[in-house]
Amino acid sequence: MKADRYSNTGKYYRTDKKRKNGGIRRTAAAVLALTLAFSAPASAAGWEQEEETWYYLDDDGVRQTGWVQTENGRWYELDETGAWIEHPALTDETAGYLLSNALMDAGWYQNEGRELEFVVNDSTKNMIQVAVGYETKPEVFWTINTFRIDRKTGEAKPFVGDVVFRLK
């Protein structure tokens, strides 16, 4: 007795129960193997802790250095080995990143429709002045607000508004 037959559509059907179950198992195993082989690998991006030190990895699992913006929009400074610097020094280079985090935490400038830029436009021994805005066209910067940051206290005060943000 023939255990296999073709339908009139040309599709292959198994009629023998023993072979049918085995065929389903083999088919399920093949589908699972192909799914695993061709599925996108899980992203390796994210934080990794080694003893007391935190590192941030990119999608390929490589440790990052310098300033990194994570999925939640926060900026983090990582040293030359990739280790997270928990309290970065307040400098002309770090002021924009730290101010960006403070404004995000306070919910300021979240729906501007454009990516904001933080530009240091004045710096003295005691103060860093950072303009927050965006380019409307090349070489034209539209300032939303300017913040004066006290280097000693880490307080950022806006020119417009009376809120004080702590950066340190």
# chains A, B, ... in the order shown; residues from 1 in each chain; ligands from 1

$ residues_around --residues "Asp92 (chain A)" --least-positions-apart "2" --cutoff "7 Å" --atoms "only C-alpha atoms" --output "list in words"
Thr94, Ala95, Val120 and Ile128 of chain A

$ residues_around --residues "Pro158 (chain A)" --least-positions-apart "4" --cutoff "8 Å" --atoms "only C-alpha atoms" --output "ChimeraX atom specification"
/A:145-148,162-164

$ atom_distance --atom1 "CA of Trp108 (chain A)" --atom2 "CA of Tyr76 (chain A)"
19.0 Å

$ select_by_dssp --residues "region 34-116 of chain A" --states "helix (DSSP H, G or I)" --output "PyMOL selection string"
chain A and resi 34-38+92-106

$ write_last_selection --atoms "C-alpha atoms" --output "PDB file, in the first residue's frame"
ATOM      1  CA  LEU A  34      16.328  28.069  10.235  1.00  0.00           C
ATOM      2  CA  THR A  35      14.620  30.603  12.485  1.00  0.00           C
ATOM      3  CA  LEU A  36      17.540  30.580  14.896  1.00  0.00           C
ATOM      4  CA  ALA A  37      20.095  30.695  12.095  1.00  0.00           C
ATOM      5  CA  PHE A  38      18.517  33.612  10.257  1.00  0.00           C
ATOM      6  CA  ASP A  92      34.089  73.637  28.499  1.00  0.00           C
ATOM      7  CA  GLU A  93      33.997  70.227  26.759  1.00  0.00           C
ATOM      8  CA  THR A  94      31.657  68.538  29.271  1.00  0.00           C
ATOM      9  CA  ALA A  95      29.305  71.446  30.039  1.00  0.00           C
ATOM     10  CA  GLY A  96      26.974  70.816  27.076  1.00  0.00           C
ATOM     11  CA  TYR A  97      26.565  67.112  27.847  1.00  0.00           C
ATOM     12  CA  LEU A  98      25.922  67.716  31.552  1.00  0.00           C
ATOM     13  CA  LEU A  99      23.473  70.537  30.817  1.00  0.00           C
ATOM     14  CA  SER A 100      21.668  68.351  28.271  1.00  0.00           C
ATOM     15  CA  ASN A 101      21.164  65.640  30.945  1.00  0.00           C
ATOM     16  CA  ALA A 102      19.945  68.181  33.525  1.00  0.00           C
ATOM     17  CA  LEU A 103      17.441  69.724  31.104  1.00  0.00           C
ATOM     18  CA  MET A 104      16.196  66.297  30.047  1.00  0.00           C
ATOM     19  CA  ASP A 105      15.711  65.279  33.696  1.00  0.00           C
ATOM     20  CA  ALA A 106      13.653  68.447  34.247  1.00  0.00           C
TER      21      ALA A 106
END

$ closest_residue --among "A:Trp84, A:Phe141, A:Trp47, A:Phe165" --to "Thr70 (chain A)" --atoms "only C-alpha atoms"
A:Trp47

$ closest_residue --among "A:Asp60, A:Thr124, A:Val132, A:Lys137" --to "Lys152 (chain A)" --atoms "only C-alpha atoms"
A:Thr124
